[in-house]
$ cat my_file_26.cif   # mmCIF, N, CA and C atoms
data_run
#
loop_
_atom_site.label_atom_id
_atom_site.label_comp_id
_atom_site.auth_asym_id
_atom_site.auth_seq_id
_atom_site.Cartn_x
_atom_site.Cartn_y
_atom_site.Cartn_z
N MET A 8 19.72 10.95 -7.23
CA MET A 8 18.33 11.16 -7.58
C MET A 8 17.86 12.52 -7.07
N LEU A 9 18.26 12.85 -5.86
CA LEU A 9 17.88 14.15 -5.32
C LEU A 9 18.48 15.29 -6.14
N PHE A 10 19.72 15.08 -6.59
CA PHE A 10 20.35 16.08 -7.44
C PHE A 10 19.58 16.22 -8.75
N GLN A 11 19.13 15.10 -9.31
CA GLN A 11 18.37 15.15 -10.56
C GLN A 11 17.07 15.94 -10.38
N ILE A 12 16.39 15.73 -9.30
CA ILE A 12 15.15 16.47 -9.03
C ILE A 12 15.45 17.97 -8.92
N TRP A 13 16.47 18.31 -8.14
CA TRP A 13 16.85 19.72 -8.00
C TRP A 13 17.25 20.32 -9.35
N TYR A 14 18.06 19.59 -10.09
CA TYR A 14 18.58 20.08 -11.38
C TYR A 14 17.45 20.33 -12.38
N THR A 15 16.54 19.39 -12.51
CA THR A 15 15.44 19.56 -13.46
C THR A 15 14.51 20.69 -13.05
N ASN A 16 14.30 20.86 -11.75
CA ASN A 16 13.46 21.97 -11.28
C ASN A 16 14.17 23.32 -11.40
N GLN A 17 15.43 23.35 -11.02
CA GLN A 17 16.20 24.59 -11.04
C GLN A 17 16.38 25.15 -12.45
N PHE A 18 16.69 24.28 -13.39
CA PHE A 18 16.99 24.73 -14.75
C PHE A 18 15.83 24.50 -15.72
N LYS A 19 14.69 24.07 -15.17
CA LYS A 19 13.48 23.87 -15.98
C LYS A 19 13.74 23.00 -17.21
N VAL A 20 14.43 21.88 -17.00
CA VAL A 20 14.71 20.96 -18.09
C VAL A 20 13.79 19.76 -17.99
N ASN A 21 13.58 19.14 -19.10
CA ASN A 21 12.75 17.95 -19.15
C ASN A 21 13.50 16.76 -18.58
N ILE A 22 12.76 15.74 -18.25
CA ILE A 22 13.35 14.48 -17.81
C ILE A 22 14.20 13.95 -18.96
N SER A 23 15.30 13.30 -18.64
CA SER A 23 16.21 12.80 -19.67
C SER A 23 15.55 11.74 -20.53
N ALA A 24 16.07 11.59 -21.74
CA ALA A 24 15.57 10.57 -22.66
C ALA A 24 15.74 9.19 -22.04
N ASN A 25 16.83 9.01 -21.32
CA ASN A 25 17.09 7.74 -20.64
C ASN A 25 15.98 7.43 -19.63
N GLN A 26 15.61 8.42 -18.82
CA GLN A 26 14.56 8.24 -17.82
C GLN A 26 13.21 8.01 -18.47
N LEU A 27 12.93 8.75 -19.55
CA LEU A 27 11.66 8.56 -20.26
C LEU A 27 11.54 7.15 -20.84
N ALA A 28 12.64 6.65 -21.39
CA ALA A 28 12.63 5.29 -21.94
C ALA A 28 12.36 4.26 -20.85
N ILE A 29 12.96 4.47 -19.69
CA ILE A 29 12.74 3.55 -18.57
C ILE A 29 11.28 3.60 -18.12
N GLU A 30 10.72 4.79 -18.05
CA GLU A 30 9.33 4.94 -17.63
C GLU A 30 8.37 4.27 -18.62
N LYS A 31 8.64 4.38 -19.92
CA LYS A 31 7.79 3.72 -20.92
C LYS A 31 7.89 2.21 -20.82
N LEU A 32 9.10 1.71 -20.63
CA LEU A 32 9.28 0.27 -20.45
C LEU A 32 8.57 -0.21 -19.19
N PHE A 33 8.64 0.59 -18.13
CA PHE A 33 8.02 0.22 -16.87
C PHE A 33 6.51 0.07 -17.02
N GLU A 34 5.89 0.91 -17.87
CA GLU A 34 4.45 0.80 -18.10
C GLU A 34 4.08 -0.53 -18.75
N LYS A 35 4.94 -1.02 -19.63
CA LYS A 35 4.65 -2.26 -20.37
C LYS A 35 5.13 -3.51 -19.63
N LEU A 36 6.31 -3.42 -19.04
CA LEU A 36 6.92 -4.58 -18.39
C LEU A 36 7.46 -4.17 -17.00
N PRO A 37 6.55 -3.93 -16.06
CA PRO A 37 7.00 -3.36 -14.78
C PRO A 37 7.98 -4.24 -14.00
N ILE A 38 7.73 -5.51 -13.92
CA ILE A 38 8.61 -6.37 -13.12
C ILE A 38 9.98 -6.49 -13.76
N TRP A 39 10.01 -6.77 -15.06
CA TRP A 39 11.29 -6.92 -15.75
C TRP A 39 12.07 -5.60 -15.75
N THR A 40 11.40 -4.49 -15.97
CA THR A 40 12.08 -3.20 -15.98
C THR A 40 12.66 -2.89 -14.61
N PHE A 41 11.93 -3.21 -13.56
CA PHE A 41 12.43 -3.00 -12.21
C PHE A 41 13.67 -3.86 -11.96
N ILE A 42 13.59 -5.14 -12.29
CA ILE A 42 14.73 -6.05 -12.08
C ILE A 42 15.93 -5.58 -12.90
N ASP A 43 15.69 -5.23 -14.15
CA ASP A 43 16.78 -4.78 -15.02
C ASP A 43 17.35 -3.45 -14.55
N GLY A 44 16.50 -2.50 -14.25
CA GLY A 44 16.95 -1.17 -13.88
C GLY A 44 17.57 -1.06 -12.51
N VAL A 45 17.10 -1.88 -11.59
CA VAL A 45 17.58 -1.77 -10.21
C VAL A 45 18.68 -2.79 -9.90
N LEU A 46 18.68 -3.92 -10.57
CA LEU A 46 19.68 -4.94 -10.26
C LEU A 46 20.66 -5.21 -11.40
N VAL A 47 20.15 -5.57 -12.56
CA VAL A 47 21.02 -6.01 -13.65
C VAL A 47 21.88 -4.86 -14.19
N ALA A 48 21.26 -3.76 -14.56
CA ALA A 48 22.01 -2.64 -15.15
C ALA A 48 23.08 -2.09 -14.20
N PRO A 49 22.76 -1.82 -12.94
CA PRO A 49 23.81 -1.30 -12.06
C PRO A 49 25.00 -2.25 -11.91
N VAL A 50 24.73 -3.54 -11.79
CA VAL A 50 25.82 -4.51 -11.64
C VAL A 50 26.67 -4.52 -12.91
N MET A 51 26.04 -4.60 -14.06
CA MET A 51 26.78 -4.64 -15.33
C MET A 51 27.55 -3.34 -15.55
N GLU A 52 26.91 -2.21 -15.31
CA GLU A 52 27.59 -0.93 -15.52
C GLU A 52 28.77 -0.76 -14.57
N GLU A 53 28.63 -1.18 -13.34
CA GLU A 53 29.74 -1.05 -12.40
C GLU A 53 30.89 -1.97 -12.77
N LEU A 54 30.57 -3.17 -13.20
CA LEU A 54 31.64 -4.08 -13.61
C LEU A 54 32.41 -3.51 -14.81
N ILE A 55 31.68 -2.87 -15.72
CA ILE A 55 32.33 -2.29 -16.90
C ILE A 55 33.02 -0.97 -16.56
N PHE A 56 32.27 0.00 -16.05
CA PHE A 56 32.79 1.35 -15.84
C PHE A 56 33.80 1.44 -14.71
N ARG A 57 33.56 0.80 -13.61
CA ARG A 57 34.47 0.90 -12.49
C ARG A 57 35.44 -0.28 -12.47
N GLY A 58 34.95 -1.48 -12.59
CA GLY A 58 35.82 -2.65 -12.53
C GLY A 58 36.81 -2.72 -13.68
N ILE A 59 36.35 -2.96 -14.87
CA ILE A 59 37.23 -3.12 -16.02
C ILE A 59 37.96 -1.82 -16.35
N PHE A 60 37.24 -0.71 -16.41
CA PHE A 60 37.84 0.57 -16.80
C PHE A 60 39.03 0.94 -15.92
N PHE A 61 38.83 0.93 -14.61
CA PHE A 61 39.93 1.32 -13.73
C PHE A 61 41.04 0.28 -13.68
N GLU A 62 40.69 -0.97 -13.76
CA GLU A 62 41.72 -2.00 -13.71
C GLU A 62 42.58 -2.00 -14.97
N LEU A 63 42.02 -1.61 -16.10
CA LEU A 63 42.80 -1.57 -17.34
C LEU A 63 43.60 -0.29 -17.50
N PHE A 64 43.03 0.84 -17.10
CA PHE A 64 43.65 2.11 -17.44
C PHE A 64 44.21 2.92 -16.27
N PHE A 65 43.76 2.68 -15.06
CA PHE A 65 44.14 3.57 -13.95
C PHE A 65 44.52 2.80 -12.70
N GLN A 66 45.54 2.00 -12.77
CA GLN A 66 45.98 1.22 -11.62
C GLN A 66 47.04 1.93 -10.79
N THR A 67 47.42 3.12 -11.14
CA THR A 67 48.47 3.85 -10.44
C THR A 67 47.93 4.56 -9.20
N ASP A 68 48.83 4.92 -8.30
CA ASP A 68 48.45 5.67 -7.11
C ASP A 68 48.73 7.16 -7.25
N GLN A 69 49.13 7.59 -8.43
CA GLN A 69 49.43 9.01 -8.66
C GLN A 69 48.12 9.80 -8.65
N PRO A 70 48.02 10.82 -7.79
CA PRO A 70 46.79 11.60 -7.66
C PRO A 70 46.29 12.21 -8.98
N VAL A 71 47.18 12.72 -9.79
CA VAL A 71 46.76 13.34 -11.06
C VAL A 71 46.12 12.30 -11.97
N ILE A 72 46.69 11.13 -12.03
CA ILE A 72 46.14 10.05 -12.86
C ILE A 72 44.78 9.61 -12.33
N LYS A 73 44.63 9.57 -11.01
CA LYS A 73 43.34 9.21 -10.41
C LYS A 73 42.27 10.23 -10.79
N VAL A 74 42.60 11.51 -10.72
CA VAL A 74 41.65 12.57 -11.07
C VAL A 74 41.27 12.45 -12.54
N ILE A 75 42.26 12.22 -13.40
CA ILE A 75 41.96 12.05 -14.83
C ILE A 75 41.06 10.84 -15.02
N GLY A 76 41.33 9.76 -14.30
CA GLY A 76 40.49 8.56 -14.40
C GLY A 76 39.05 8.83 -14.01
N VAL A 77 38.85 9.57 -12.93
CA VAL A 77 37.50 9.90 -12.49
C VAL A 77 36.79 10.76 -13.53
N ILE A 78 37.49 11.76 -14.05
CA ILE A 78 36.88 12.66 -15.04
C ILE A 78 36.52 11.90 -16.31
N VAL A 79 37.46 11.12 -16.83
CA VAL A 79 37.19 10.36 -18.06
C VAL A 79 36.05 9.37 -17.83
N ASN A 80 36.08 8.69 -16.70
CA ASN A 80 35.03 7.74 -16.38
C ASN A 80 33.68 8.42 -16.29
N ALA A 81 33.63 9.58 -15.64
CA ALA A 81 32.37 10.32 -15.49
C ALA A 81 31.84 10.80 -16.83
N VAL A 82 32.73 11.29 -17.68
CA VAL A 82 32.30 11.78 -19.01
C VAL A 82 31.76 10.63 -19.85
N ILE A 83 32.44 9.51 -19.85
CA ILE A 83 31.95 8.36 -20.63
C ILE A 83 30.62 7.87 -20.07
N PHE A 84 30.53 7.72 -18.76
CA PHE A 84 29.29 7.27 -18.12
C PHE A 84 28.15 8.23 -18.44
N GLY A 85 28.41 9.52 -18.28
CA GLY A 85 27.38 10.52 -18.56
C GLY A 85 26.96 10.53 -20.01
N THR A 86 27.91 10.43 -20.92
CA THR A 86 27.63 10.45 -22.35
C THR A 86 26.79 9.25 -22.78
N LEU A 87 27.08 8.10 -22.22
CA LEU A 87 26.31 6.91 -22.59
C LEU A 87 24.90 6.92 -22.03
N HIS A 88 24.65 7.76 -21.03
CA HIS A 88 23.30 7.87 -20.48
C HIS A 88 22.51 9.01 -21.09
N ASP A 89 23.18 10.12 -21.41
CA ASP A 89 22.46 11.27 -21.99
C ASP A 89 23.49 12.26 -22.52
N THR A 90 23.31 12.71 -23.75
CA THR A 90 24.24 13.69 -24.32
C THR A 90 23.66 15.09 -24.33
N GLY A 91 22.48 15.24 -23.80
CA GLY A 91 21.82 16.54 -23.81
C GLY A 91 21.99 17.30 -22.51
N ILE A 92 20.99 18.07 -22.20
CA ILE A 92 21.02 18.96 -21.04
C ILE A 92 21.13 18.20 -19.72
N ASN A 93 20.75 16.94 -19.71
CA ASN A 93 20.82 16.13 -18.49
C ASN A 93 22.16 15.43 -18.31
N PHE A 94 23.07 15.65 -19.23
CA PHE A 94 24.39 15.02 -19.14
C PHE A 94 25.05 15.23 -17.77
N PRO A 95 25.03 16.45 -17.20
CA PRO A 95 25.72 16.65 -15.91
C PRO A 95 25.21 15.74 -14.79
N ILE A 96 23.93 15.43 -14.80
CA ILE A 96 23.38 14.55 -13.77
C ILE A 96 24.07 13.20 -13.81
N TYR A 97 24.17 12.64 -15.00
CA TYR A 97 24.78 11.31 -15.14
C TYR A 97 26.29 11.36 -14.96
N ALA A 98 26.92 12.42 -15.42
CA ALA A 98 28.37 12.55 -15.25
C ALA A 98 28.73 12.66 -13.78
N ILE A 99 27.97 13.43 -13.02
CA ILE A 99 28.24 13.57 -11.59
C ILE A 99 28.03 12.23 -10.89
N MET A 100 26.98 11.51 -11.26
CA MET A 100 26.77 10.19 -10.68
C MET A 100 27.93 9.27 -11.03
N GLY A 101 28.39 9.33 -12.26
CA GLY A 101 29.55 8.53 -12.67
C GLY A 101 30.78 8.88 -11.85
N ALA A 102 30.98 10.17 -11.59
CA ALA A 102 32.13 10.60 -10.78
C ALA A 102 32.01 10.10 -9.34
N ILE A 103 30.83 10.19 -8.78
CA ILE A 103 30.61 9.70 -7.41
C ILE A 103 30.90 8.21 -7.33
N LEU A 104 30.41 7.46 -8.29
CA LEU A 104 30.65 6.02 -8.30
C LEU A 104 32.13 5.70 -8.52
N ALA A 105 32.79 6.48 -9.37
CA ALA A 105 34.22 6.27 -9.63
C ALA A 105 35.05 6.55 -8.38
N VAL A 106 34.76 7.65 -7.71
CA VAL A 106 35.49 7.98 -6.49
C VAL A 106 35.24 6.92 -5.41
N THR A 107 34.01 6.48 -5.31
CA THR A 107 33.70 5.42 -4.34
C THR A 107 34.53 4.18 -4.62
N TYR A 108 34.58 3.78 -5.88
CA TYR A 108 35.36 2.58 -6.23
C TYR A 108 36.85 2.80 -5.97
N MET A 109 37.36 3.97 -6.35
CA MET A 109 38.79 4.23 -6.15
C MET A 109 39.17 4.26 -4.67
N ARG A 110 38.31 4.82 -3.85
CA ARG A 110 38.63 4.93 -2.42
C ARG A 110 38.52 3.58 -1.70
N THR A 111 37.51 2.80 -2.07
CA THR A 111 37.28 1.53 -1.37
C THR A 111 37.98 0.35 -2.04
N ARG A 112 38.19 0.46 -3.34
CA ARG A 112 38.71 -0.64 -4.16
C ARG A 112 37.83 -1.89 -4.01
N ASP A 113 36.56 -1.64 -3.76
CA ASP A 113 35.60 -2.72 -3.59
C ASP A 113 34.40 -2.43 -4.49
N ILE A 114 34.27 -3.20 -5.53
CA ILE A 114 33.21 -2.98 -6.52
C ILE A 114 31.82 -3.09 -5.89
N LYS A 115 31.72 -3.83 -4.79
CA LYS A 115 30.42 -3.98 -4.13
C LYS A 115 29.90 -2.65 -3.60
N CYS A 116 30.80 -1.76 -3.21
CA CYS A 116 30.37 -0.45 -2.69
C CYS A 116 29.73 0.39 -3.79
N SER A 117 30.39 0.48 -4.93
CA SER A 117 29.81 1.28 -6.02
C SER A 117 28.56 0.61 -6.57
N ILE A 118 28.53 -0.70 -6.60
CA ILE A 118 27.32 -1.41 -7.03
C ILE A 118 26.17 -1.08 -6.07
N GLY A 119 26.43 -1.12 -4.78
CA GLY A 119 25.40 -0.82 -3.79
C GLY A 119 24.84 0.59 -3.93
N ILE A 120 25.71 1.56 -4.13
CA ILE A 120 25.25 2.95 -4.31
C ILE A 120 24.45 3.07 -5.59
N HIS A 121 24.91 2.43 -6.66
CA HIS A 121 24.21 2.48 -7.94
C HIS A 121 22.82 1.84 -7.84
N ILE A 122 22.75 0.70 -7.18
CA ILE A 122 21.46 0.04 -6.97
C ILE A 122 20.53 0.93 -6.15
N LEU A 123 21.05 1.50 -5.08
CA LEU A 123 20.24 2.37 -4.23
C LEU A 123 19.72 3.58 -5.03
N ASN A 124 20.57 4.20 -5.81
CA ASN A 124 20.15 5.34 -6.63
C ASN A 124 19.05 4.94 -7.61
N ASN A 125 19.23 3.83 -8.30
CA ASN A 125 18.22 3.39 -9.26
C ASN A 125 16.93 2.96 -8.57
N PHE A 126 17.04 2.35 -7.39
CA PHE A 126 15.85 1.96 -6.64
C PHE A 126 15.04 3.19 -6.24
N ILE A 127 15.73 4.21 -5.76
CA ILE A 127 15.04 5.45 -5.37
C ILE A 127 14.32 6.07 -6.57
N SER A 128 14.93 5.97 -7.74
CA SER A 128 14.29 6.55 -8.92
C SER A 128 13.02 5.81 -9.32
N PHE A 129 12.88 4.56 -8.90
CA PHE A 129 11.68 3.80 -9.21
C PHE A 129 10.54 4.08 -8.25
N ILE A 130 10.84 4.60 -7.06
CA ILE A 130 9.76 4.85 -6.09
C ILE A 130 9.34 6.29 -6.07
#
$ encode --input "my_file_26.cif" --output "structure tokens"
Amino acid sequence: MLFQIWYTNQFKVNISANQLAIEKLFEKLPIWTFIDGVLVAPVMEELIFRGIFFELFFQTDQPVIKVIGVIVNAVIFGTLHDTGINFPIYAIMGAILAVTYMRTRDIKCSIGIHILNNFISFI
């Protein structure tokens, strides 16, 4: 979240379409949007992007394959969140979450970081 604030200020870019959609939903359905954005979405995304993705495609201990896995995971995560100027914000977050999962091999760690990031964006 701090990186997103710096990035948008530094490069004078607008808030991402993803963030704008969340803010509009929050105006209409604040409780549901908070629950979905802070709890449901991070858990589901981590199970898909880190849990299933790495378990299906990147179970090796070879460093090159791990790096490729992180990059591919970050690009897919970033692309599904924003394909415009804000793509790097989401891709970097995807990479951080992927590295966290790969290092700990505990999905709860990446889920916790994802929840914390989304919670901070709501306050």
$ select_by_dssp --input "my_file_26.cif" --residues "region 50-118 of chain A" --states "alpha helix (DSSP H)" --output "NGL selection string"
:A and (50-53 or 60-64 or 70-88 or 94-111 or 114-118)
$ closest_residue --input "my_file_26.cif" --among "A:Leu87, A:Ile75, A:Ala81, A:Val45" --to "Phe129 (chain A)" --atoms "all atoms listed in the file"
A:Val45
$ atom_distance --input "my_file_26.cif" --atom1 "CA of Met100 (chain A)" --atom2 "CA of Leu32 (chain A)"
22.4 Å
$ resolve_selection --input "my_file_26.cif" --expression "the PyMOL selection byres ((chain A and resi 76) around 8)" --output "JSON list (two decimals) with N, CA and C atoms, in the frame of the given file"
[["chain", "number", "residue", "atom", "x", "y", "z"],
["A", 60, "PHE", "N", 37.24, -0.71, -16.41],
["A", 60, "PHE", "CA", 37.84, 0.57, -16.80],
["A", 60, "PHE", "C", 39.03, 0.94, -15.92],
["A", 61, "PHE", "N", 38.83, 0.93, -14.61],
["A", 61, "PHE", "CA", 39.93, 1.32, -13.73],
["A", 61, "PHE", "C", 41.04, 0.28, -13.68],
["A", 64, "PHE", "N", 43.03, 0.84, -17.10],
["A", 64, "PHE", "CA", 43.65, 2.11, -17.44],
["A", 64, "PHE", "C", 44.21, 2.92, -16.27],
["A", 65, "PHE", "N", 43.76, 2.68, -15.06],
["A", 65, "PHE", "CA", 44.14, 3.57, -13.95],
["A", 65, "PHE", "C", 44.52, 2.80, -12.70],
["A", 70, "PRO", "N", 48.02, 10.82, -7.79],
["A", 70, "PRO", "CA", 46.79, 11.60, -7.66],
["A", 70, "PRO", "C", 46.29, 12.21, -8.98],
["A", 71, "VAL", "N", 47.18, 12.72, -9.79],
["A", 71, "VAL", "CA", 46.76, 13.34, -11.06],
["A", 71, "VAL", "C", 46.12, 12.30, -11.97],
["A", 72, "ILE", "N", 46.69, 11.13, -12.03],
["A", 72, "ILE", "CA", 46.14, 10.05, -12.86],
["A", 72, "ILE", "C", 44.78, 9.61, -12.33],
["A", 73, "LYS", "N", 44.63, 9.57, -11.01],
["A", 73, "LYS", "CA", 43.34, 9.21, -10.41],
["A", 73, "LYS", "C", 42.27, 10.23, -10.79],
["A", 74, "VAL", "N", 42.60, 11.51, -10.72],
["A", 74, "VAL", "CA", 41.65, 12.57, -11.07],
["A", 74, "VAL", "C", 41.27, 12.45, -12.54],
["A", 75, "ILE", "N", 42.26, 12.22, -13.40],
["A", 75, "ILE", "CA", 41.96, 12.05, -14.83],
["A", 75, "ILE", "C", 41.06, 10.84, -15.02],
["A", 77, "VAL", "N", 38.85, 9.57, -12.93],
["A", 77, "VAL", "CA", 37.50, 9.90, -12.49],
["A", 77, "VAL", "C", 36.79, 10.76, -13.53],
["A", 78, "ILE", "N", 37.49, 11.76, -14.05],
["A", 78, "ILE", "CA", 36.88, 12.66, -15.04],
["A", 78, "ILE", "C", 36.52, 11.90, -16.31],
["A", 79, "VAL", "N", 37.46, 11.12, -16.83],
["A", 79, "VAL", "CA", 37.19, 10.36, -18.06],
["A", 79, "VAL", "C", 36.05, 9.37, -17.83],
["A", 80, "ASN", "N", 36.08, 8.69, -16.70],
["A", 80, "ASN", "CA", 35.03, 7.74, -16.38],
["A", 80, "ASN", "C", 33.68, 8.42, -16.29],
["A", 81, "ALA", "N", 33.63, 9.58, -15.64],
["A", 81, "ALA", "CA", 32.37, 10.32, -15.49],
["A", 81, "ALA", "C", 31.84, 10.80, -16.83],
["A", 82, "VAL", "N", 32.73, 11.29, -17.68],
["A", 82, "VAL", "CA", 32.30, 11.78, -19.01],
["A", 82, "VAL", "C", 31.76, 10.63, -19.85],
["A", 102, "ALA", "N", 30.98, 10.17, -11.59],
["A", 102, "ALA", "CA", 32.13, 10.60, -10.78],
["A", 102, "ALA", "C", 32.01, 10.10, -9.34],
["A", 105, "ALA", "N", 32.79, 6.48, -9.37],
["A", 105, "ALA", "CA", 34.22, 6.27, -9.63],
["A", 105, "ALA", "C", 35.05, 6.55, -8.38],
["A", 106, "VAL", "N", 34.76, 7.65, -7.71],
["A", 106, "VAL", "CA", 35.49, 7.98, -6.49],
["A", 106, "VAL", "C", 35.24, 6.92, -5.41]]
$ closest_residue --input "my_file_26.cif" --among "A:Thr67, A:Asn21, A:Ser117, A:Asn124" --to "Leu104 (chain A)" --atoms "all atoms listed in the file"
A:Ser117
$ resolve_selection --input "my_file_26.cif" --expression "the PyMOL selection byres ((chain A and resi 85) around 7)" --output "PyMOL selection string"
chain A and resi 80-84+86-90+94-99+101
$ resolve_selection --input "my_file_26.cif" --expression "the PyMOL selection byres (((chain A and resi 36-42 and name CA) around 12) and name CA)" --output "PDB file with N, CA and C atoms, keeping the file's coordinate frame"
ATOM      1  N   GLN A  26      15.610   8.420 -18.820  1.00  0.00           N
ATOM      2  CA  GLN A  26      14.560   8.240 -17.820  1.00  0.00           C
ATOM      3  C   GLN A  26      13.210   8.010 -18.470  1.00  0.00           C
ATOM      4  N   ALA A  28      12.640   6.650 -21.390  1.00  0.00           N
ATOM      5  CA  ALA A  28      12.630   5.290 -21.940  1.00  0.00           C
ATOM      6  C   ALA A  28      12.360   4.260 -20.850  1.00  0.00           C
ATOM      7  N   ILE A  29      12.960   4.470 -19.690  1.00  0.00           N
ATOM      8  CA  ILE A  29      12.740   3.550 -18.570  1.00  0.00           C
ATOM      9  C   ILE A  29      11.280   3.600 -18.120  1.00  0.00           C
ATOM     10  N   GLU A  30      10.720   4.790 -18.050  1.00  0.00           N
ATOM     11  CA  GLU A  30       9.330   4.940 -17.630  1.00  0.00           C
ATOM     12  C   GLU A  30       8.370   4.270 -18.620  1.00  0.00           C
ATOM     13  N   LYS A  31       8.640   4.380 -19.920  1.00  0.00           N
ATOM     14  CA  LYS A  31       7.790   3.720 -20.920  1.00  0.00           C
ATOM     15  C   LYS A  31       7.890   2.210 -20.820  1.00  0.00           C
ATOM     16  N   LEU A  32       9.100   1.710 -20.630  1.00  0.00           N
ATOM     17  CA  LEU A  32       9.280   0.270 -20.450  1.00  0.00           C
ATOM     18  C   LEU A  32       8.570  -0.210 -19.190  1.00  0.00           C
ATOM     19  N   PHE A  33       8.640   0.590 -18.130  1.00  0.00           N
ATOM     20  CA  PHE A  33       8.020   0.220 -16.870  1.00  0.00           C
ATOM     21  C   PHE A  33       6.510   0.070 -17.020  1.00  0.00           C
ATOM     22  N   GLU A  34       5.890   0.910 -17.870  1.00  0.00           N
ATOM     23  CA  GLU A  34       4.450   0.800 -18.100  1.00  0.00           C
ATOM     24  C   GLU A  34       4.080  -0.530 -18.750  1.00  0.00           C
ATOM     25  N   LYS A  35       4.940  -1.020 -19.630  1.00  0.00           N
ATOM     26  CA  LYS A  35       4.650  -2.260 -20.370  1.00  0.00           C
ATOM     27  C   LYS A  35       5.130  -3.510 -19.630  1.00  0.00           C
ATOM     28  N   ASP A  43      15.690  -5.230 -14.150  1.00  0.00           N
ATOM     29  CA  ASP A  43      16.780  -4.780 -15.020  1.00  0.00           C
ATOM     30  C   ASP A  43      17.350  -3.450 -14.550  1.00  0.00           C
ATOM     31  N   GLY A  44      16.500  -2.500 -14.250  1.00  0.00           N
ATOM     32  CA  GLY A  44      16.950  -1.170 -13.880  1.00  0.00           C
ATOM     33  C   GLY A  44      17.570  -1.060 -12.510  1.00  0.00           C
ATOM     34  N   VAL A  45      17.100  -1.880 -11.590  1.00  0.00           N
ATOM     35  CA  VAL A  45      17.580  -1.770 -10.210  1.00  0.00           C
ATOM     36  C   VAL A  45      18.680  -2.790  -9.900  1.00  0.00           C
ATOM     37  N   LEU A  46      18.680  -3.920 -10.570  1.00  0.00           N
ATOM     38  CA  LEU A  46      19.680  -4.940 -10.260  1.00  0.00           C
ATOM     39  C   LEU A  46      20.660  -5.210 -11.400  1.00  0.00           C
ATOM     40  N   VAL A  47      20.150  -5.570 -12.560  1.00  0.00           N
ATOM     41  CA  VAL A  47      21.020  -6.010 -13.650  1.00  0.00           C
ATOM     42  C   VAL A  47      21.880  -4.860 -14.190  1.00  0.00           C
ATOM     43  N   ALA A  48      21.260  -3.760 -14.560  1.00  0.00           N
ATOM     44  CA  ALA A  48      22.010  -2.640 -15.150  1.00  0.00           C
ATOM     45  C   ALA A  48      23.080  -2.090 -14.200  1.00  0.00           C
ATOM     46  N   PRO A  49      22.760  -1.820 -12.940  1.00  0.00           N
ATOM     47  CA  PRO A  49      23.810  -1.300 -12.060  1.00  0.00           C
ATOM     48  C   PRO A  49      25.000  -2.250 -11.910  1.00  0.00           C
ATOM     49  N   VAL A  50      24.730  -3.540 -11.790  1.00  0.00           N
ATOM     50  CA  VAL A  50      25.820  -4.510 -11.640  1.00  0.00           C
ATOM     51  C   VAL A  50      26.670  -4.520 -12.910  1.00  0.00           C
ATOM     52  N   ILE A 122      22.750   0.700  -7.180  1.00  0.00           N
ATOM     53  CA  ILE A 122      21.460   0.040  -6.970  1.00  0.00           C
ATOM     54  C   ILE A 122      20.530   0.930  -6.150  1.00  0.00           C
ATOM     55  N   ASN A 125      19.230   3.830  -8.300  1.00  0.00           N
ATOM     56  CA  ASN A 125      18.220   3.390  -9.260  1.00  0.00           C
ATOM     57  C   ASN A 125      16.930   2.960  -8.570  1.00  0.00           C
ATOM     58  N   PHE A 126      17.040   2.350  -7.390  1.00  0.00           N
ATOM     59  CA  PHE A 126      15.850   1.960  -6.640  1.00  0.00           C
ATOM     60  C   PHE A 126      15.040   3.190  -6.240  1.00  0.00           C
ATOM     61  N   ILE A 127      15.730   4.210  -5.760  1.00  0.00           N
ATOM     62  CA  ILE A 127      15.040   5.450  -5.370  1.00  0.00           C
ATOM     63  C   ILE A 127      14.320   6.070  -6.570  1.00  0.00           C
ATOM     64  N   SER A 128      14.930   5.970  -7.740  1.00  0.00           N
ATOM     65  CA  SER A 128      14.290   6.550  -8.920  1.00  0.00           C
ATOM     66  C   SER A 128      13.020   5.810  -9.320  1.00  0.00           C
ATOM     67  N   PHE A 129      12.880   4.560  -8.900  1.00  0.00           N
ATOM     68  CA  PHE A 129      11.680   3.800  -9.210  1.00  0.00           C
ATOM     69  C   PHE A 129      10.540   4.080  -8.250  1.00  0.00           C
ATOM     70  N   ILE A 130      10.840   4.600  -7.060  1.00  0.00           N
ATOM     71  CA  ILE A 130       9.760   4.850  -6.090  1.00  0.00           C
ATOM     72  C   ILE A 130       9.340   6.290  -6.070  1.00  0.00           C
TER      73      ILE A 130
END
$ axis_aligned_box --input "my_file_26.cif" --around "region 81-84 of chain A" --padding-each-side "6 Å" --output "lines of an AutoDock Vina configuration file"
center_x = 30.9
center_y = 9.5
center_z = -18.1
size_x = 17.5
size_y = 16.5
size_z = 17.1
$ atom_distance --input "my_file_26.cif" --atom1 "atom C of Tyr108 (chain A)" --atom2 "CA of Arg57 (chain A)"
7.2 Å
$ atom_distance --input "my_file_26.cif" --atom1 "atom N of Ile92 (chain A)" --atom2 "CA of Val20 (chain A)"
8.0 Å
$ residues_near_point --input "my_file_26.cif" --point "(17.6, 14.3, -19.6)" --cutoff "6 Å" --atoms "only C-alpha atoms" --output "list in words"
Ile22, Ser23, Ala24, Ile92 and Asn93 of chain A
